[in-house]
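Read through the structure below, which is laid out as structure tokens, and then see the notes.
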Amino acid sequence: MRKKQTGHVMLWAALVIAVLLPVGCVGFMAHDKWTGGPERREAERAKQAAEDAKPRKVSEANGCEVWAFNPGGRWQYFTRCGAATQTTNTWEECRSVQSGKTTRTECTPHSLNVTQEPKK
């Protein structure tokens with residue numbers, strides 16, 4: 001009796017695999033076709049990177065404007081208060097530190113301010 005039950009289980013498993021595997025493959029291929037696949041995603045990423053590289057105003061208060069842009073992987077911010085422009089560039093330098101079998105990442109924040117006065 002035991003062998004007959006095992007045979008039924010194996011038959012059902014084979015049937016489920018035979019039906020679901022092709023359905024899953026077709027669904028995956030159709031999803032890639034509908035979404036445009038990797039080429040479309042890469043084009044959208046490139047378009048977003050080009051938009052991020054353009055400075056845009058993100059805030060304004062007390063006559064000062066805060067602008068931001070990302071020219072290549074790191075956001076940069078600058079302010080305009082009256083005629084002077086101050087640029088703030090922030091970033092982190094990270095390194096891996098190993099202690100025994102454990103490795104952790106230590107990051108050090110950095111910031112650089114540059115103020116430009118108008119030419120007289």
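We label chains A, B, ... in the order they appear in the structure tokens, count residues from 1 in each chain, and number ligands from 1 in the order shown.
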
TODO: Please return as a PyMOL selection string: the residues of chain A that backbone DSSP assigns to strand (DSSP E or B).
DONE: chain A and resi 56-61+64-69+76-81+84-99+102-116

Could you pull out all residues of chain A with a DSSP call of alpha helix (DSSP H) and give them as a compact mmCIF listing (two decimals) with N, CA and C atoms, in the first residue's frame?
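In the end it all went to result.txt:
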```txt
# COMPACT_ATOMS: atom_id res chain seq x y z
N ARG A 2 1.96 1.24 0.67
CA ARG A 2 2.84 2.40 0.80
C ARG A 2 3.40 2.83 -0.56
N LYS A 3 3.79 1.88 -1.40
CA LYS A 3 4.37 2.21 -2.69
C LYS A 3 3.35 2.88 -3.60
N LYS A 4 2.09 2.51 -3.50
CA LYS A 4 1.05 3.12 -4.33
C LYS A 4 0.87 4.60 -3.97
N GLN A 5 0.90 4.93 -2.67
CA GLN A 5 0.78 6.32 -2.25
C GLN A 5 1.97 7.14 -2.74
N THR A 6 3.18 6.59 -2.64
CA THR A 6 4.38 7.28 -3.11
C THR A 6 4.28 7.54 -4.60
N GLY A 7 3.76 6.59 -5.33
CA GLY A 7 3.60 6.76 -6.77
C GLY A 7 2.64 7.89 -7.10
N HIS A 8 1.55 8.02 -6.33
CA HIS A 8 0.60 9.11 -6.55
C HIS A 8 1.23 10.46 -6.26
N VAL A 9 2.02 10.53 -5.18
CA VAL A 9 2.68 11.79 -4.83
C VAL A 9 3.65 12.19 -5.92
N MET A 10 4.41 11.25 -6.41
CA MET A 10 5.37 11.56 -7.48
C MET A 10 4.66 11.96 -8.77
N LEU A 11 3.53 11.32 -9.05
CA LEU A 11 2.75 11.67 -10.23
C LEU A 11 2.23 13.10 -10.12
N TRP A 12 1.67 13.47 -8.96
CA TRP A 12 1.17 14.83 -8.76
C TRP A 12 2.32 15.85 -8.83
N ALA A 13 3.46 15.54 -8.25
CA ALA A 13 4.61 16.45 -8.29
C ALA A 13 5.06 16.67 -9.73
N ALA A 14 5.14 15.60 -10.50
CA ALA A 14 5.54 15.72 -11.91
C ALA A 14 4.52 16.55 -12.69
N LEU A 15 3.24 16.34 -12.42
CA LEU A 15 2.19 17.09 -13.10
C LEU A 15 2.27 18.58 -12.76
N VAL A 16 2.46 18.89 -11.49
CA VAL A 16 2.57 20.29 -11.07
C VAL A 16 3.78 20.96 -11.73
N ILE A 17 4.91 20.28 -11.74
CA ILE A 17 6.12 20.83 -12.38
C ILE A 17 5.90 21.01 -13.88
N ALA A 18 5.28 20.01 -14.52
CA ALA A 18 5.06 20.08 -15.97
C ALA A 18 4.14 21.24 -16.35
N VAL A 19 3.22 21.61 -15.47
CA VAL A 19 2.29 22.70 -15.78
C VAL A 19 2.85 24.05 -15.36
N LEU A 20 3.41 24.14 -14.15
CA LEU A 20 3.83 25.44 -13.63
C LEU A 20 5.13 25.96 -14.23
N LEU A 21 6.07 25.08 -14.56
CA LEU A 21 7.35 25.53 -15.11
C LEU A 21 7.17 26.28 -16.44
N PRO A 22 6.44 25.74 -17.42
CA PRO A 22 6.25 26.50 -18.66
C PRO A 22 5.46 27.79 -18.44
N VAL A 23 4.46 27.76 -17.55
CA VAL A 23 3.67 28.96 -17.28
C VAL A 23 4.56 30.04 -16.69
N GLY A 24 5.44 29.67 -15.76
CA GLY A 24 6.35 30.63 -15.15
C GLY A 24 7.32 31.21 -16.16
N CYS A 25 7.87 30.38 -17.05
CA CYS A 25 8.80 30.85 -18.08
C CYS A 25 8.12 31.82 -19.04
N VAL A 26 6.92 31.47 -19.47
CA VAL A 26 6.18 32.35 -20.38
C VAL A 26 5.86 33.67 -19.70
N GLY A 27 5.46 33.60 -18.43
CA GLY A 27 5.17 34.83 -17.68
C GLY A 27 6.39 35.72 -17.54
N PHE A 28 7.55 35.12 -17.27
CA PHE A 28 8.78 35.91 -17.14
C PHE A 28 9.15 36.57 -18.46
N MET A 29 9.05 35.81 -19.57
CA MET A 29 9.39 36.39 -20.88
C MET A 29 8.41 37.49 -21.26
N ALA A 30 7.13 37.29 -20.97
CA ALA A 30 6.13 38.30 -21.29
C ALA A 30 6.35 39.55 -20.45
N HIS A 31 6.70 39.38 -19.18
CA HIS A 31 6.97 40.54 -18.31
C HIS A 31 8.13 41.36 -18.88
N ASP A 32 9.21 40.70 -19.29
CA ASP A 32 10.34 41.42 -19.88
C ASP A 32 9.93 42.14 -21.16
N LYS A 33 9.06 41.50 -21.96
CA LYS A 33 8.62 42.13 -23.20
C LYS A 33 7.74 43.34 -22.90
N TRP A 34 6.83 43.23 -21.93
CA TRP A 34 5.92 44.32 -21.60
C TRP A 34 6.66 45.50 -20.97
N THR A 35 7.68 45.21 -20.15
CA THR A 35 8.40 46.30 -19.47
C THR A 35 9.55 46.84 -20.31
N GLY A 37 12.31 45.23 -21.07
CA GLY A 37 13.53 44.48 -20.80
C GLY A 37 14.64 45.35 -20.26
N PRO A 38 15.85 44.79 -20.22
CA PRO A 38 16.98 45.51 -19.64
C PRO A 38 17.37 46.78 -20.41
N GLU A 39 17.14 46.79 -21.73
CA GLU A 39 17.49 47.97 -22.51
C GLU A 39 16.67 49.19 -22.07
N ARG A 40 15.38 48.97 -21.84
CA ARG A 40 14.52 50.06 -21.42
C ARG A 40 14.89 50.55 -20.02
N ARG A 41 15.18 49.60 -19.13
CA ARG A 41 15.57 49.99 -17.77
C ARG A 41 16.86 50.80 -17.79
N GLU A 42 17.82 50.41 -18.62
CA GLU A 42 19.08 51.14 -18.71
C GLU A 42 18.85 52.52 -19.30
N ALA A 43 17.96 52.63 -20.28
CA ALA A 43 17.65 53.94 -20.87
C ALA A 43 16.99 54.84 -19.83
N GLU A 44 16.09 54.28 -19.01
CA GLU A 44 15.45 55.08 -17.96
C GLU A 44 16.46 55.53 -16.92
N ARG A 45 17.42 54.63 -16.57
CA ARG A 45 18.47 55.00 -15.62
C ARG A 45 19.33 56.14 -16.17
N ALA A 46 19.68 56.06 -17.45
CA ALA A 46 20.50 57.10 -18.07
C ALA A 46 19.73 58.43 -18.12
N LYS A 47 18.43 58.37 -18.41
CA LYS A 47 17.61 59.58 -18.44
C LYS A 47 17.54 60.22 -17.06
N GLN A 48 17.37 59.40 -16.00
CA GLN A 48 17.31 59.92 -14.64
C GLN A 48 18.65 60.53 -14.24
N ALA A 49 19.76 59.90 -14.63
CA ALA A 49 21.09 60.44 -14.31
C ALA A 49 21.30 61.79 -14.99
N ALA A 50 20.82 61.93 -16.23
CA ALA A 50 20.94 63.22 -16.93
C ALA A 50 20.10 64.29 -16.24
N GLU A 51 18.90 63.93 -15.77
CA GLU A 51 18.06 64.89 -15.04
C GLU A 51 18.69 65.27 -13.71
N ASP A 52 19.27 64.29 -13.01
CA ASP A 52 19.90 64.56 -11.71
C ASP A 52 21.12 65.44 -11.84
```

Task: Interatomic distance (Å, one decimal) between CA of Asn113 (chain A) and CA of Gln76 (chain A) - done: 10.5 Å

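All residues of protein, DNA or RNA that reach within 10 Å of Glu93 (chain A), judged by only C-alpha atoms and not counting those fewer than 5 positions away in the chain, are Glu106, Cys107, Thr108, Pro109 and His110 of chain A.
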
What does the file look like for those residues with C-alpha atoms, as an mmCIF file, in the first residue's frame?
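selection.cif was written with the following content:
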```cif
data_model
loop_
_atom_site.group_PDB
_atom_site.id
_atom_site.type_symbol
_atom_site.label_atom_id
_atom_site.label_comp_id
_atom_site.auth_asym_id
_atom_site.auth_seq_id
_atom_site.Cartn_x
_atom_site.Cartn_y
_atom_site.Cartn_z
ATOM 1 C CA GLU A 106 33.775 52.361 9.017
ATOM 2 C CA CYS A 107 32.764 55.519 7.177
ATOM 3 C CA THR A 108 34.159 59.001 7.720
ATOM 4 C CA PRO A 109 31.949 61.906 6.589
ATOM 5 C CA HIS A 110 33.589 64.822 4.770
#
```
